[in-house]
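Below: one structure, written as structure tokens.
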Amino acid sequence: MNLARWTFLFMSTVGIGILVALGIGLAVQFADPDYNPVQIGLQGFGYNLVGTVIVGALLGAFSHLGFFAYLTMNYFAQGIIRSKTIWAYAQIFLIVVISVYSAVLRAKAGEPIIPYFFVPAVLLIASLPIARLKVKQTNRNSFVPTLFFLTAVTLLEAVPALRQYNPYGTLFMVAPLFACNAWQIMQLHKLLGTERNEPAGRA
């Protein structure tokens, strides 16, 4: 991947983070029955807008860092674990472990833990069609890595929000991260020029 392609991936990822954060922020504001744009005025709305853009950009940049951290980990893991089947099962195991960890992280003492599996379950369900599309555009060996990146890595990136016990904070962080991660994983083979019938790569 040359500098021009990396710049495109980085800037487009940051842009997606901003767009998704803005969409969620505006939707939540207008869905609030106490929200009155006339009373708040342009100054207040502008402040919220600028703040949301900054947070969205930061989430996009954070997602991009996580993406390259995952690629590095995946590269070294495939160098150590020669069998692609074993590495695939290891990633499935990690998806389960990280999903359980994210639920335990949020569960309060004395509360049932089942409801806290909602976020990992939604991420997993949303990741399935993207992983299938990745397979159609590359090869079948890309299914599990895509699923792992979109589920496990997104959950790890969203740990600060998961600790807040705030549904809005969780949505505001998880949704942009997931969108950015999905964009990057679907752009990777295009930027690398990987064709559908070529052998599976390291990403």
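Numbering starts fresh at 1 for the residues of each chain in the structure tokens, the chains themselves are lettered A, B, ... in the order given, and ligands are numbered from 1 as they appear.
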
Hey, which bits of stretch 55-148 of chain A sit within 12 Å of stretch 154-159 of chain A, and for each residue what's the closest pair of atoms and how far apart in Å (one decimal), counting only C-alpha atoms, rows by chain and increasing number, as a Markdown table?
```
| residue | atom | partner | partner_atom | distance |
| --- | --- | --- | --- | --- |
| A:Leu59 | CA | A:Glu157 | CA | 9.3 |
| A:Gly60 | CA | A:Glu157 | CA | 11.2 |
| A:Ala61 | CA | A:Glu157 | CA | 11.5 |
| A:Phe62 | CA | A:Glu157 | CA | 7.9 |
| A:Ser63 | CA | A:Glu157 | CA | 7.5 |
| A:His64 | CA | A:Glu157 | CA | 10.7 |
| A:Leu65 | CA | A:Glu157 | CA | 10.0 |
| A:Gly66 | CA | A:Glu157 | CA | 7.3 |
| A:Phe67 | CA | A:Thr154 | CA | 9.7 |
| A:Ala69 | CA | A:Glu157 | CA | 11.2 |
| A:Tyr70 | CA | A:Thr154 | CA | 10.8 |
| A:Leu94 | CA | A:Leu156 | CA | 11.3 |
| A:Ile95 | CA | A:Leu155 | CA | 9.4 |
| A:Val96 | CA | A:Leu155 | CA | 11.3 |
| A:Val97 | CA | A:Leu155 | CA | 11.1 |
| A:Ile98 | CA | A:Leu155 | CA | 7.4 |
| A:Ser99 | CA | A:Leu155 | CA | 7.4 |
| A:Val100 | CA | A:Leu155 | CA | 10.5 |
| A:Tyr101 | CA | A:Leu155 | CA | 9.4 |
| A:Ser102 | CA | A:Leu155 | CA | 6.9 |
| A:Ala103 | CA | A:Leu155 | CA | 10.1 |
| A:Val104 | CA | A:Val159 | CA | 11.6 |
| A:Leu105 | CA | A:Val159 | CA | 8.5 |
| A:Arg106 | CA | A:Val159 | CA | 9.4 |
| A:Phe117 | CA | A:Leu155 | CA | 11.4 |
| A:Phe118 | CA | A:Leu155 | CA | 12.0 |
| A:Val119 | CA | A:Leu155 | CA | 8.6 |
| A:Pro120 | CA | A:Leu155 | CA | 7.3 |
| A:Ala121 | CA | A:Leu155 | CA | 10.9 |
| A:Val122 | CA | A:Leu155 | CA | 11.2 |
| A:Leu123 | CA | A:Thr154 | CA | 8.3 |
| A:Leu124 | CA | A:Thr154 | CA | 10.4 |
| A:Ala126 | CA | A:Thr154 | CA | 11.9 |
| A:Ser127 | CA | A:Thr154 | CA | 10.6 |
| A:Thr146 | CA | A:Thr154 | CA | 11.3 |
| A:Leu147 | CA | A:Thr154 | CA | 10.4 |
| A:Phe148 | CA | A:Thr154 | CA | 8.9 |
```

> What does the distance from atom CA of A:Pro145 to atom CA of A:Leu162 come to in Å, to one decimal?
Replying inline: 23.2 Å

> Given the choices A:Phe30, A:Phe10, A:Tyr75, A:Phe178, which gets closest to A:Ala57 if the distance is worked out from only C-alpha atoms?
Replying inline: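 Of A:Phe30, A:Phe10, A:Tyr75, A:Phe178, the one nearest A:Ala57, counting only C-alpha atoms, is A:Phe10.
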
>> Quick one: residues within 12 Å of A:Thr85, only C-alpha atoms, excluding same-chain residues fewer than 4 positions away - as a list in words?
In response: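 Once the adjacent positions are removed, what remains is Gln78, Ile81, Tyr89, Ala90, Gln91, Ile92, Arg140, Asn141, Ser142, Phe143, Val144 and Pro145 of chain A.
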
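Distance annotation: of A:Glu111, A:Arg163, A:Thr52, A:Leu71, the residue with the minimal separation from A:Leu22 is A:Thr52; atom set is only C-alpha atoms.
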
> Distance atom CA of A:Val50-atom CA of A:Leu19, one decimal place?
Replying inline: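 Taking atom CA of A:Val50 as the start and atom CA of A:Leu19 as the end point, the length is 12.2 Å.
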
> Counting only C-alpha atoms, which of A:Lys134, A:Ile114, A:Asn48, A:Ile125 gets nearest to A:His189?
Replying inline: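 Smallest separation from A:His189 among the options: A:Lys134.
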
>> From the options A:Met186, A:Ala109, A:Val53, A:Ile86, which residue's atoms come nearest to A:Arg132, counting only C-alpha atoms?
In response: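 Checking each candidate against A:Arg132, we get A:Met186 as the closest.
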